[in-house]
file data.cif (mmCIF, C-alpha atoms)
data_target
#
loop_
_atom_site.label_atom_id
_atom_site.label_comp_id
_atom_site.auth_asym_id
_atom_site.auth_seq_id
_atom_site.Cartn_x
_atom_site.Cartn_y
_atom_site.Cartn_z
CA MET C 103 -40.64 -56.14 -58.72
CA ALA C 104 -38.05 -55.11 -61.32
CA MET C 105 -37.73 -51.61 -59.85
CA ALA C 106 -37.67 -52.97 -56.29
CA ARG C 107 -34.76 -55.17 -57.26
CA ARG C 108 -32.86 -52.28 -58.81
CA GLY C 109 -33.38 -50.06 -55.77
CA LEU C 110 -32.49 -52.89 -53.44
CA PHE C 111 -29.20 -53.82 -55.09
CA TYR C 112 -27.74 -50.72 -56.74
CA THR C 113 -28.54 -47.95 -54.26
CA PHE C 114 -25.60 -48.78 -51.99
CA LEU C 115 -23.43 -50.84 -54.34
CA ALA C 116 -21.42 -47.82 -55.53
CA LEU C 117 -20.89 -46.83 -51.90
CA TYR C 118 -19.71 -50.36 -51.11
CA LEU C 119 -17.19 -50.28 -53.97
CA ARG C 120 -15.96 -46.80 -53.02
CA ILE C 121 -15.94 -46.93 -49.20
CA GLY C 122 -16.00 -50.64 -48.42
CA LEU C 123 -13.55 -51.86 -51.08
CA GLY C 124 -11.53 -48.70 -51.64
CA LEU C 125 -11.95 -47.94 -55.35
CA SER C 126 -11.43 -44.43 -56.72
CA VAL C 127 -14.40 -42.40 -57.93
CA THR C 128 -13.60 -43.14 -61.58
CA ALA C 129 -13.00 -46.85 -60.93
CA THR C 130 -16.34 -47.01 -59.14
CA THR C 131 -18.10 -45.59 -62.19
CA LEU C 132 -16.83 -48.54 -64.26
CA LEU C 133 -19.70 -50.50 -62.73
CA ALA C 134 -22.14 -48.35 -64.68
CA SER C 135 -20.09 -47.76 -67.82
CA LEU C 136 -19.04 -51.33 -68.61
CA THR C 137 -22.40 -52.89 -67.75
CA MET C 138 -24.34 -50.35 -69.77
CA ILE C 139 -22.04 -50.61 -72.79
CA MET C 140 -22.56 -54.38 -72.77
CA ASN C 141 -26.31 -53.96 -72.27
CA SER C 142 -26.82 -51.38 -74.99
CA SER C 143 -24.63 -53.03 -77.62
CA SER C 144 -26.34 -56.38 -77.08
CA GLN C 145 -29.78 -54.82 -77.47
CA ALA C 146 -28.89 -52.80 -80.54
CA PHE C 147 -27.01 -55.47 -82.48
CA LEU C 148 -28.43 -58.81 -81.32
CA TRP C 149 -31.59 -58.99 -79.23
CA GLY C 150 -33.48 -56.34 -81.23
CA LYS C 151 -33.04 -58.35 -84.42
CA ILE C 152 -34.06 -61.58 -82.70
CA SER C 153 -37.11 -59.87 -81.20
CA ASP C 154 -38.30 -58.61 -84.61
CA LYS C 155 -37.59 -61.90 -86.38
CA TYR C 156 -39.28 -64.24 -83.89
CA GLN C 157 -41.58 -61.80 -82.01
CA ALA C 158 -40.19 -63.38 -78.83
CA ARG C 159 -40.82 -60.53 -76.40
CA THR C 160 -41.89 -62.58 -73.36
CA SER C 161 -39.26 -65.27 -73.89
CA LEU C 162 -36.51 -62.65 -73.92
CA VAL C 163 -37.66 -61.26 -70.57
CA VAL C 164 -38.04 -64.66 -68.88
CA ILE C 165 -34.73 -66.07 -70.13
CA GLY C 166 -32.81 -62.87 -69.38
CA GLU C 167 -34.13 -62.54 -65.83
CA THR C 168 -33.51 -66.21 -65.04
CA ILE C 169 -29.90 -66.22 -66.23
CA ALA C 170 -29.18 -62.96 -64.39
CA ALA C 171 -30.72 -64.32 -61.17
CA LEU C 172 -28.46 -67.36 -61.17
CA GLY C 173 -25.47 -65.26 -62.21
CA TYR C 174 -25.89 -62.92 -59.23
CA ILE C 175 -25.24 -65.80 -56.84
CA LEU C 176 -22.13 -66.81 -58.75
CA VAL C 177 -20.82 -63.22 -58.71
CA TYR C 178 -21.28 -63.08 -54.95
CA PHE C 179 -19.27 -66.24 -54.24
CA VAL C 180 -16.45 -65.22 -56.60
CA HIS C 181 -16.24 -61.83 -54.92
CA VAL C 182 -16.09 -63.39 -51.45
CA ILE C 183 -13.33 -65.80 -52.45
CA LEU C 184 -11.24 -62.98 -53.94
CA LEU C 185 -11.92 -60.72 -50.94
CA GLU C 186 -10.33 -63.33 -48.66
CA SER C 187 -7.51 -64.40 -50.96
CA SER C 188 -6.51 -61.37 -53.07
CA GLY C 189 -7.84 -58.33 -51.25
CA PRO C 190 -10.64 -55.76 -51.64
CA ALA C 191 -9.56 -54.35 -55.01
CA SER C 192 -9.74 -57.75 -56.73
CA ALA C 193 -13.11 -58.42 -55.11
CA ALA C 194 -14.42 -55.06 -56.30
CA TYR C 195 -13.32 -55.58 -59.89
CA SER C 196 -14.77 -59.12 -59.87
CA ILE C 197 -18.19 -57.62 -59.08
CA ILE C 198 -17.82 -55.14 -61.93
CA ALA C 199 -16.64 -57.81 -64.37
CA GLY C 200 -19.30 -60.32 -63.32
CA LEU C 201 -22.19 -57.88 -63.58
CA THR C 202 -20.85 -56.70 -66.97
CA LEU C 203 -20.99 -60.25 -68.30
CA LEU C 204 -24.49 -60.74 -66.91
CA GLU C 205 -25.68 -57.61 -68.71
CA PHE C 206 -25.26 -59.47 -72.01
CA PHE C 207 -28.13 -61.72 -70.95
CA TRP C 208 -29.98 -59.18 -68.84
CA SER C 209 -30.29 -56.91 -71.87
CA MET C 210 -32.65 -59.51 -73.34
CA SER C 211 -35.10 -58.58 -70.59
CA ASN C 212 -34.74 -54.82 -71.10
CA LEU C 213 -35.43 -55.07 -74.83
CA GLY C 214 -38.28 -57.52 -74.32
CA TRP C 215 -40.04 -55.20 -71.87
CA SER C 216 -39.89 -52.15 -74.12
CA ALA C 217 -41.24 -53.94 -77.18
CA LEU C 218 -43.84 -55.90 -75.19
CA ILE C 219 -45.38 -52.81 -73.62
CA SER C 220 -45.59 -51.11 -77.00
CA ASP C 221 -47.12 -54.26 -78.56
CA LEU C 222 -49.85 -54.52 -75.94
CA THR C 223 -50.96 -50.87 -75.98
CA THR C 224 -52.24 -48.46 -78.59
CA SER C 225 -50.93 -44.91 -78.97
CA HIS C 226 -54.16 -43.40 -77.58
CA GLU C 227 -54.08 -45.45 -74.38
CA ARG C 228 -50.29 -45.71 -74.04
CA GLY C 229 -49.86 -42.40 -72.20
CA LYS C 230 -52.15 -43.29 -69.30
CA LEU C 231 -50.92 -46.86 -69.08
CA MET C 232 -47.25 -45.85 -69.12
CA SER C 233 -48.03 -43.41 -66.33
CA VAL C 234 -49.47 -46.22 -64.23
CA ILE C 235 -46.59 -48.57 -65.05
CA SER C 236 -43.97 -45.96 -64.17
CA SER C 237 -45.69 -44.99 -60.91
CA ILE C 238 -45.93 -48.63 -59.86
CA GLY C 239 -42.22 -48.90 -60.62
CA GLY C 240 -41.64 -45.90 -58.36
CA VAL C 241 -43.40 -47.65 -55.50
CA GLY C 242 -41.22 -50.70 -56.09
CA ARG C 243 -38.10 -48.54 -56.06
CA ILE C 244 -39.07 -47.02 -52.71
CA VAL C 245 -39.54 -50.49 -51.23
CA GLY C 246 -36.20 -51.66 -52.63
CA ILE C 247 -34.25 -48.61 -51.45
CA THR C 248 -35.79 -48.80 -47.97
CA VAL C 249 -34.97 -52.48 -47.57
CA SER C 250 -31.46 -51.84 -48.91
CA GLY C 251 -30.93 -49.09 -46.33
CA VAL C 252 -31.84 -51.52 -43.56
CA LEU C 253 -29.76 -54.43 -44.87
CA TYR C 254 -26.65 -52.56 -46.04
CA ASN C 255 -25.06 -52.32 -42.58
CA TRP C 256 -27.05 -55.17 -41.02
CA GLY C 257 -24.48 -57.08 -38.96
CA GLY C 258 -21.56 -54.71 -39.59
CA ASP C 259 -20.11 -52.30 -42.15
CA ALA C 260 -21.47 -53.15 -45.61
CA ALA C 261 -22.53 -56.57 -44.27
CA GLY C 262 -25.48 -56.63 -46.66
CA PHE C 263 -23.06 -57.21 -49.54
CA LYS C 264 -20.37 -59.10 -47.66
CA SER C 265 -22.85 -61.65 -46.24
CA GLY C 266 -24.64 -61.96 -49.58
CA ILE C 267 -28.12 -61.11 -48.35
CA LEU C 268 -28.57 -58.30 -50.90
CA PHE C 269 -27.39 -60.64 -53.68
CA TYR C 270 -29.85 -63.32 -52.54
CA PHE C 271 -32.78 -60.90 -52.30
CA ALA C 272 -32.14 -59.48 -55.77
CA SER C 273 -31.80 -62.96 -57.28
CA ALA C 274 -35.05 -64.18 -55.70
CA ILE C 275 -36.97 -61.15 -56.99
CA MET C 276 -35.77 -61.77 -60.55
CA LEU C 277 -36.79 -65.44 -60.47
CA ILE C 278 -40.25 -64.66 -59.08
CA SER C 279 -40.91 -61.84 -61.57
CA ALA C 280 -39.78 -64.04 -64.49
CA PHE C 281 -42.21 -66.75 -63.41
CA ILE C 282 -45.08 -64.28 -63.04
CA LEU C 283 -44.55 -62.89 -66.53
CA TRP C 284 -44.24 -66.36 -68.08
CA PHE C 285 -47.38 -67.59 -66.32
CA SER C 286 -49.51 -64.52 -67.14
CA THR C 287 -48.62 -64.37 -70.85
CA ARG C 288 -48.05 -68.03 -71.70
CA SER C 289 -51.07 -68.22 -74.04
CA LEU C 290 -50.85 -64.77 -75.63
CA LYS C 291 -50.30 -64.93 -79.38
CA GLN C 292 -48.12 -61.86 -79.66
CA SER C 293 -47.74 -61.93 -83.44
CA SER C 294 -51.43 -61.22 -84.10
CA ILE C 295 -51.39 -57.61 -82.96
CA THR C 296 -48.00 -57.01 -84.55
CA ARG C 297 -49.26 -58.29 -87.92
CA HIS C 298 -52.30 -56.04 -87.62
CA GLU C 299 -50.16 -53.00 -86.86
CA GLN C 300 -47.87 -53.81 -89.77
CA ALA C 301 -50.83 -53.97 -92.15
CA THR C 302 -52.10 -50.62 -90.88
CA LEU C 303 -48.74 -48.92 -90.90
CA SER C 304 -47.94 -50.17 -94.41
CA ARG C 305 -50.37 -47.57 -95.71
CA GLN C 306 -48.11 -44.75 -94.53
CA SER C 307 -46.37 -42.81 -97.26
CA ARG C 308 -42.66 -43.45 -97.81
CA SER C 309 -41.89 -39.78 -97.23
CA SER C 310 -43.56 -39.79 -93.79
CA LYS C 311 -41.52 -42.84 -92.79
CA LYS C 312 -38.30 -41.12 -93.78
CA SER C 313 -39.31 -37.99 -91.89
CA SER C 314 -40.22 -40.05 -88.82
CA SER C 315 -36.86 -41.83 -88.97
CA ARG C 316 -34.95 -38.56 -89.24
CA ILE C 317 -36.78 -37.05 -86.28
CA PHE C 318 -36.26 -40.26 -84.30
CA TYR C 319 -32.48 -40.00 -84.61
CA TRP C 320 -32.48 -36.31 -83.66
CA PHE C 321 -34.54 -37.34 -80.65
CA LEU C 322 -31.97 -40.03 -79.79
CA ALA C 323 -29.15 -37.49 -80.02
CA SER C 324 -30.84 -35.06 -77.64
CA ILE C 325 -31.72 -37.82 -75.16
CA PHE C 326 -28.14 -39.12 -75.26
CA ILE C 327 -26.68 -35.69 -74.42
CA VAL C 328 -29.20 -35.12 -71.64
CA GLY C 329 -28.40 -38.56 -70.28
CA LEU C 330 -24.69 -37.72 -70.18
CA GLY C 331 -25.47 -34.74 -67.98
CA ILE C 332 -27.93 -36.48 -65.67
CA TYR C 333 -25.99 -39.69 -65.16
CA SER C 334 -22.54 -38.11 -64.82
CA ILE C 335 -23.40 -37.31 -61.19
CA LEU C 336 -25.72 -40.19 -60.32
CA GLN C 337 -23.14 -42.13 -58.29
CA ILE C 338 -21.16 -39.06 -57.26
CA PHE C 339 -24.28 -37.60 -55.67
CA VAL C 340 -24.22 -40.32 -52.98
CA PHE C 341 -20.56 -39.59 -52.20
CA TYR C 342 -21.39 -35.88 -51.85
CA VAL C 343 -24.29 -36.20 -49.41
CA GLU C 344 -22.34 -38.77 -47.35
CA LEU C 345 -19.55 -36.24 -46.59
CA ASP C 346 -19.54 -34.68 -43.12
CA SER C 347 -20.09 -31.26 -44.69
CA PRO C 348 -22.33 -29.74 -45.95
CA ILE C 349 -24.97 -32.52 -45.72
CA GLY C 350 -23.50 -35.24 -43.47
CA ALA C 351 -26.10 -37.86 -44.42
CA THR C 352 -26.33 -41.22 -42.66
CA SER C 353 -27.46 -44.42 -44.38
CA PHE C 354 -31.02 -43.68 -43.29
CA ASP C 355 -30.74 -40.11 -44.58
CA ILE C 356 -29.52 -41.42 -47.94
CA VAL C 357 -32.62 -43.62 -48.08
CA MET C 358 -34.82 -40.59 -47.39
CA ILE C 359 -33.08 -38.50 -50.05
CA ARG C 360 -33.29 -41.26 -52.64
CA ASN C 361 -36.91 -42.02 -51.80
CA SER C 362 -37.87 -38.35 -52.11
CA ALA C 363 -37.02 -38.63 -55.80
CA SER C 364 -38.92 -41.91 -56.05
CA VAL C 365 -42.06 -40.43 -54.48
CA ALA C 366 -41.85 -37.46 -56.84
CA THR C 367 -41.38 -39.87 -59.75
CA ILE C 368 -44.57 -41.71 -58.80
CA ILE C 369 -46.60 -38.50 -58.77
CA ALA C 370 -45.01 -37.14 -61.94
CA SER C 371 -45.49 -40.46 -63.73
CA LEU C 372 -49.20 -40.52 -62.89
CA LEU C 373 -49.57 -37.05 -64.39
CA ALA C 374 -47.12 -37.41 -67.28
CA GLY C 375 -49.45 -39.17 -69.70
CA THR C 376 -52.25 -36.66 -69.10
CA LEU C 377 -49.85 -33.72 -69.42
CA ALA C 378 -48.46 -35.13 -72.66
CA ASP C 379 -51.98 -35.57 -74.10
CA LYS C 380 -53.16 -32.13 -72.97
CA PHE C 381 -50.10 -29.96 -73.63
CA GLY C 382 -48.29 -32.05 -76.22
CA ARG C 383 -45.40 -34.53 -76.10
CA LYS C 384 -42.79 -31.85 -76.80
CA ASN C 385 -43.90 -29.50 -74.02
CA ALA C 386 -44.23 -32.23 -71.40
CA LEU C 387 -40.84 -33.74 -72.19
CA GLY C 388 -39.28 -30.28 -72.46
CA LEU C 389 -40.38 -29.56 -68.89
CA GLY C 390 -38.70 -32.74 -67.68
CA LEU C 391 -35.48 -31.85 -69.49
CA PHE C 392 -35.51 -28.29 -68.10
CA LEU C 393 -35.81 -29.60 -64.54
CA ALA C 394 -32.84 -31.87 -65.26
CA VAL C 395 -30.83 -28.76 -66.18
CA ILE C 396 -31.49 -26.80 -62.99
CA THR C 397 -31.46 -29.60 -60.40
CA PRO C 398 -27.64 -30.07 -60.26
CA ILE C 399 -27.23 -26.33 -59.64
CA LEU C 400 -29.75 -26.48 -56.79
CA TYR C 401 -27.81 -29.35 -55.18
CA MET C 402 -25.04 -26.87 -54.45
CA LEU C 403 -27.42 -24.71 -52.40
CA ALA C 404 -28.55 -27.46 -49.99
CA ARG C 405 -27.11 -27.28 -46.48
CA ASP C 406 -28.91 -30.11 -44.71
CA VAL C 407 -30.82 -33.33 -45.34
CA THR C 408 -34.23 -31.64 -45.42
CA GLN C 409 -33.21 -29.19 -48.12
CA MET C 410 -31.63 -31.99 -50.15
CA VAL C 411 -34.84 -34.03 -49.87
CA VAL C 412 -36.84 -31.13 -51.30
CA ILE C 413 -34.38 -30.41 -54.11
CA ASN C 414 -33.94 -34.07 -55.04
CA SER C 415 -37.71 -34.28 -55.47
CA LEU C 416 -37.26 -32.14 -58.58
CA SER C 417 -34.96 -34.83 -59.93
CA GLY C 418 -37.76 -37.34 -59.41
CA ILE C 419 -40.26 -35.16 -61.26
CA SER C 420 -37.79 -34.79 -64.09
CA MET C 421 -37.15 -38.53 -64.35
CA GLY C 422 -40.87 -39.30 -64.25
CA LEU C 423 -41.56 -37.00 -67.19
CA ILE C 424 -38.49 -38.11 -69.17
CA THR C 425 -39.19 -41.81 -68.64
CA VAL C 426 -42.90 -41.76 -69.51
CA VAL C 427 -43.06 -39.07 -72.18
CA GLY C 428 -39.71 -40.09 -73.69
CA TYR C 429 -41.04 -43.61 -74.16
CA LEU C 430 -44.25 -42.24 -75.71
CA VAL C 431 -42.30 -40.15 -78.20
CA ALA C 432 -40.14 -43.13 -79.14
CA ALA C 433 -43.17 -45.41 -79.51
CA ASP C 434 -44.90 -42.85 -81.75
CA LEU C 435 -41.87 -42.61 -84.03
CA ILE C 436 -41.13 -46.36 -84.24
CA SER C 437 -43.03 -48.51 -86.73
CA ALA C 438 -44.29 -51.93 -85.65
CA GLU C 439 -42.13 -53.92 -88.08
CA HIS C 440 -38.93 -52.36 -86.65
CA ARG C 441 -40.02 -52.20 -83.01
CA GLY C 442 -37.43 -54.57 -81.59
CA ARG C 443 -34.49 -53.08 -83.50
CA LEU C 444 -35.31 -49.40 -82.92
CA PHE C 445 -36.33 -49.86 -79.30
CA GLY C 446 -32.98 -51.59 -78.93
CA ARG C 447 -31.34 -48.39 -80.17
CA TYR C 448 -33.50 -46.22 -77.94
CA ASN C 449 -32.56 -48.29 -74.90
CA ALA C 450 -28.94 -48.40 -76.07
CA VAL C 451 -28.71 -44.61 -76.12
CA THR C 452 -30.17 -44.41 -72.62
CA TYR C 453 -27.95 -47.11 -71.18
CA ILE C 454 -24.74 -45.93 -72.87
CA SER C 455 -25.22 -42.39 -71.57
CA PHE C 456 -25.94 -43.86 -68.13
CA GLY C 457 -22.80 -45.95 -68.28
CA VAL C 458 -20.15 -43.71 -69.80
CA ALA C 459 -21.19 -40.42 -68.18
CA GLY C 460 -19.71 -41.20 -64.79
CA THR C 461 -16.55 -42.79 -66.17
CA PHE C 462 -15.71 -40.14 -68.76
CA ILE C 463 -17.21 -37.00 -67.22
CA GLY C 464 -18.10 -37.04 -63.54
CA GLY C 465 -15.50 -39.48 -62.21
CA PRO C 466 -12.40 -38.02 -63.94
CA ILE C 467 -13.37 -34.45 -63.03
CA ALA C 468 -13.82 -35.37 -59.36
CA ASP C 469 -10.64 -37.46 -59.17
CA TYR C 470 -8.52 -34.81 -60.92
CA LEU C 471 -9.67 -32.03 -58.60
CA ILE C 472 -9.22 -34.17 -55.49
CA GLN C 473 -5.69 -35.12 -56.55
CA ALA C 474 -4.96 -31.44 -57.26
CA GLY C 475 -5.73 -30.61 -53.63
CA THR C 476 -9.37 -29.53 -53.90
CA THR C 477 -11.66 -30.71 -51.14
CA GLU C 478 -13.99 -33.57 -52.02
CA ALA C 479 -17.03 -31.35 -51.55
CA LEU C 480 -15.78 -28.72 -54.02
CA ALA C 481 -14.72 -31.44 -56.48
CA TYR C 482 -18.22 -32.91 -56.47
CA VAL C 483 -19.75 -29.43 -56.80
CA ALA C 484 -17.69 -28.95 -59.97
CA THR C 485 -19.23 -32.11 -61.42
CA PHE C 486 -22.70 -30.69 -60.69
CA GLN C 487 -21.86 -27.57 -62.68
CA VAL C 488 -20.57 -29.57 -65.65
CA ALA C 489 -23.62 -31.87 -65.51
CA SER C 490 -25.98 -28.90 -65.72
CA GLY C 491 -24.09 -27.47 -68.72
CA VAL C 492 -24.12 -30.76 -70.64
CA THR C 493 -27.83 -31.28 -69.95
CA LEU C 494 -28.54 -27.76 -71.18
CA VAL C 495 -26.99 -28.61 -74.57
CA GLY C 496 -29.29 -31.63 -74.94
CA PHE C 497 -32.32 -29.59 -73.88
CA ILE C 498 -31.60 -26.93 -76.51
CA LEU C 499 -31.11 -29.56 -79.22
CA PHE C 500 -34.43 -31.20 -78.36
CA MET C 501 -36.37 -27.93 -78.39
CA LEU C 502 -34.86 -26.89 -81.74
CA LYS C 503 -35.20 -30.18 -83.62
CA MET C 504 -38.46 -31.67 -82.32
CA LYS C 505 -41.62 -30.15 -83.79
CA SER C 506 -44.93 -30.65 -82.00
CA ALA C 507 -46.84 -30.71 -85.29
CA GLN C 508 -44.66 -33.52 -86.61
CA LEU C 509 -45.21 -35.61 -83.49
CA ASN C 510 -48.96 -35.12 -83.80
CA LEU C 511 -48.76 -36.22 -87.44
CA PHE C 512 -47.02 -39.48 -86.62
CA GLN C 513 -49.43 -40.21 -83.77
CA SER C 514 -52.34 -39.94 -86.19
CA HIS C 515 -51.12 -42.68 -88.56
CA VAL C 516 -53.03 -45.30 -86.56
CA SER C 517 -56.63 -44.17 -86.18
CA PRO C 518 -58.74 -44.88 -83.08
CA ILE C 519 -60.94 -47.20 -85.19
CA ASN C 520 -57.97 -49.29 -86.28
CA GLU C 521 -56.66 -49.30 -82.71
CA ASP C 522 -60.02 -50.68 -81.53
CA ARG C 523 -59.70 -53.43 -84.11
CA ALA C 524 -56.21 -54.19 -82.87
CA ARG C 525 -57.52 -54.41 -79.32
CA ILE C 526 -60.29 -56.79 -80.43
CA SER C 527 -57.72 -58.90 -82.30
CA LEU C 528 -55.57 -59.10 -79.20
CA THR C 529 -58.52 -60.05 -77.01
CA GLU C 530 -59.57 -62.83 -79.38
CA HIS C 531 -56.11 -64.40 -79.23
CA ALA C 532 -55.62 -64.20 -75.46
CA GLN C 533 -56.83 -67.54 -74.10
CA ASP C 534 -57.28 -68.05 -70.38
#

call {"tool": "encode", "arguments": {"input": "data.cif", "output": "structure tokens"}}
result
Amino acid sequence: MAMARRGLFYTFLALYLRIGLGLSVTATTLLASLTMIMNSSSQAFLWGKISDKYQARTSLVVIGETIAALGYILVYFVHVILLESSGPASAAYSIIAGLTLLEFFWSMSNLGWSALISDLTTSHERGKLMSVISSIGGVGRIVGITVSGVLYNWGGDAAGFKSGILFYFASAIMLISAFILWFSTRSLKQSSITRHEQATLSRQSRSSKKSSSRIFYWFLASIFIVGLGIYSILQIFVFYVELDSPIGATSFDIVMIRNSASVATIIASLLAGTLADKFGRKNALGLGLFLAVITPILYMLARDVTQMVVINSLSGISMGLITVVGYLVAADLISAEHRGRLFGRYNAVTYISFGVAGTFIGGPIADYLIQAGTTEALAYVATFQVASGVTLVGFILFMLKMKSAQLNLFQSHVSPINEDRARISLTEHAQD
């Protein structure tokens, strides 16, 4: 439901801000940059500490989703009022400002999910379970994107946003998912498994903890750089395929292109855990990062919707591997007693790179070239080239600094016997 909501609301929102409300490419990217800066800073400096202190994983998710759901409706009405009274630019910036404010509360949910999943799984089972979770999310994203494609122009140009139906749908999904999580985990005594993990992990040597911490921050640095490359063209990609040449995609075509990545993500996610266990975390994640390097270059070769569908599938494979295996690497390197705080930093790095990449890399490059007289198509192609180069830097840093043997060492700190005991402890404290 979470991924369906994201696909439903955000797939065409950038297009609405750019085409429907007339913002520049860079101004459009503010939607991602400001919201993600708010999200990541809140997780890293506030919600992570609260999560570790009170072990309030589920409460963070439920409260965050509920506040965001109600806030979406408020953002819609403010934007409509400004659209009628002050014009499209004011309405556009009200959406950006409103969603940025909501991210302060929504980040509670993001942090809660990451820590909760890690709490409820052991390192030996986490790979397979994360594969299933990610693939289910991919299905939800396909549903959301498909519905968004139908509703976006339902009743007129961008009527899905102007009439509020996309706001209402997204809000309803958040309320329902918050209730489901609260109802299904209301009697789970979360602290029991965390205390058990802390007791087990306390037997690690101080030197291994320091080594794990050092590798963790090198890992964050490489993921941040890769994220800058990937996300610098995330919104720009839609503008490129929507141009009359070379792709000339309609709203339905955009849905097909987006969903091709989602289908590939589902398949890659199902295989990611197994690949990571069989060939090692480093090799599996390295493959995902390498695909992220070459995909922007391949975008430039596509000449129709079919070719773009095939090429964009590689992006989906890449994201499936990065999402699943990246989480596994982070979970292996993060100790239980610091799970909220360090997962907050892991999420912060991901969200900041997602947010600032378009505003400080992709958007300015495209706007500068367009203003200099370059065609929009060539301007967007230039952003693809830069994105590939930036991603390559992150890929090289990851391959140089991450050692497979070290990852295997940290995974072995919690033995299968102790993990079985943790599972028994969790079962004993889950009351139906």

call {"tool": "residues_around", "arguments": {"input": "data.cif", "residues": "stretch 360-373 of chain C", "least_positions_apart": "4", "cutoff": "10 Å", "atoms": "all atoms listed in the file", "output": "short mmCIF file (atom, residue, chain, number, x, y, z; two decimals) with C-alpha atoms, keeping the file's coordinate frame"}}
result
data_model
loop_
_atom_site.label_atom_id
_atom_site.label_comp_id
_atom_site.auth_asym_id
_atom_site.auth_seq_id
_atom_site.Cartn_x
_atom_site.Cartn_y
_atom_site.Cartn_z
CA GLY C 109 -33.38 -50.06 -55.77
CA THR C 113 -28.54 -47.95 -54.26
CA GLY C 229 -49.86 -42.40 -72.20
CA LYS C 230 -52.15 -43.29 -69.30
CA LEU C 231 -50.92 -46.86 -69.08
CA MET C 232 -47.25 -45.85 -69.12
CA SER C 233 -48.03 -43.41 -66.33
CA VAL C 234 -49.47 -46.22 -64.23
CA ILE C 235 -46.59 -48.57 -65.05
CA SER C 236 -43.97 -45.96 -64.17
CA SER C 237 -45.69 -44.99 -60.91
CA ILE C 238 -45.93 -48.63 -59.86
CA GLY C 239 -42.22 -48.90 -60.62
CA GLY C 240 -41.64 -45.90 -58.36
CA VAL C 241 -43.40 -47.65 -55.50
CA GLY C 242 -41.22 -50.70 -56.09
CA ARG C 243 -38.10 -48.54 -56.06
CA ILE C 244 -39.07 -47.02 -52.71
CA VAL C 245 -39.54 -50.49 -51.23
CA GLY C 246 -36.20 -51.66 -52.63
CA ILE C 247 -34.25 -48.61 -51.45
CA THR C 248 -35.79 -48.80 -47.97
CA VAL C 340 -24.22 -40.32 -52.98
CA PHE C 354 -31.02 -43.68 -43.29
CA ASP C 355 -30.74 -40.11 -44.58
CA ILE C 356 -29.52 -41.42 -47.94
CA LEU C 377 -49.85 -33.72 -69.42
CA ALA C 378 -48.46 -35.13 -72.66
CA GLY C 390 -38.70 -32.74 -67.68
CA MET C 410 -31.63 -31.99 -50.15
CA VAL C 411 -34.84 -34.03 -49.87
CA VAL C 412 -36.84 -31.13 -51.30
CA ILE C 413 -34.38 -30.41 -54.11
CA ASN C 414 -33.94 -34.07 -55.04
CA SER C 415 -37.71 -34.28 -55.47
CA LEU C 416 -37.26 -32.14 -58.58
CA SER C 417 -34.96 -34.83 -59.93
CA GLY C 418 -37.76 -37.34 -59.41
CA ILE C 419 -40.26 -35.16 -61.26
CA SER C 420 -37.79 -34.79 -64.09
CA MET C 421 -37.15 -38.53 -64.35
CA GLY C 422 -40.87 -39.30 -64.25
CA LEU C 423 -41.56 -37.00 -67.19
CA ILE C 424 -38.49 -38.11 -69.17
CA THR C 425 -39.19 -41.81 -68.64
CA VAL C 426 -42.90 -41.76 -69.51
CA VAL C 427 -43.06 -39.07 -72.18
#

call {"tool": "atom_distance", "arguments": {"input": "data.cif", "atom1": "atom CA of C:Ser153", "atom2": "atom CA of C:Ile219"}}
result
13.3 Å

call {"tool": "residues_near_point", "arguments": {"input": "data.cif", "point": "(-28.2, -55.2, -46.9)", "cutoff": "9 Å", "atoms": "all atoms listed in the file", "output": "PDB file with C-alpha atoms, in the coordinates of the input"}}
result
ATOM      1  CA  LEU C 110     -32.490 -52.890 -53.440  1.00  0.00           C
ATOM      2  CA  PHE C 111     -29.200 -53.820 -55.090  1.00  0.00           C
ATOM      3  CA  PHE C 114     -25.600 -48.780 -51.990  1.00  0.00           C
ATOM      4  CA  VAL C 249     -34.970 -52.480 -47.570  1.00  0.00           C
ATOM      5  CA  SER C 250     -31.460 -51.840 -48.910  1.00  0.00           C
ATOM      6  CA  GLY C 251     -30.930 -49.090 -46.330  1.00  0.00           C
ATOM      7  CA  VAL C 252     -31.840 -51.520 -43.560  1.00  0.00           C
ATOM      8  CA  LEU C 253     -29.760 -54.430 -44.870  1.00  0.00           C
ATOM      9  CA  TYR C 254     -26.650 -52.560 -46.040  1.00  0.00           C
ATOM     10  CA  ASN C 255     -25.060 -52.320 -42.580  1.00  0.00           C
ATOM     11  CA  TRP C 256     -27.050 -55.170 -41.020  1.00  0.00           C
ATOM     12  CA  GLY C 257     -24.480 -57.080 -38.960  1.00  0.00           C
ATOM     13  CA  ALA C 260     -21.470 -53.150 -45.610  1.00  0.00           C
ATOM     14  CA  ALA C 261     -22.530 -56.570 -44.270  1.00  0.00           C
ATOM     15  CA  GLY C 262     -25.480 -56.630 -46.660  1.00  0.00           C
ATOM     16  CA  PHE C 263     -23.060 -57.210 -49.540  1.00  0.00           C
ATOM     17  CA  LYS C 264     -20.370 -59.100 -47.660  1.00  0.00           C
ATOM     18  CA  SER C 265     -22.850 -61.650 -46.240  1.00  0.00           C
ATOM     19  CA  GLY C 266     -24.640 -61.960 -49.580  1.00  0.00           C
ATOM     20  CA  ILE C 267     -28.120 -61.110 -48.350  1.00  0.00           C
ATOM     21  CA  LEU C 268     -28.570 -58.300 -50.900  1.00  0.00           C
ATOM     22  CA  PHE C 269     -27.390 -60.640 -53.680  1.00  0.00           C
TER      23      PHE C 269
END

call {"tool": "residues_around", "arguments": {"input": "data.cif", "residues": "C:Tyr401", "least_positions_apart": "3", "cutoff": "12 Å", "atoms": "only C-alpha atoms", "output": "count of residues only"}}
result
37
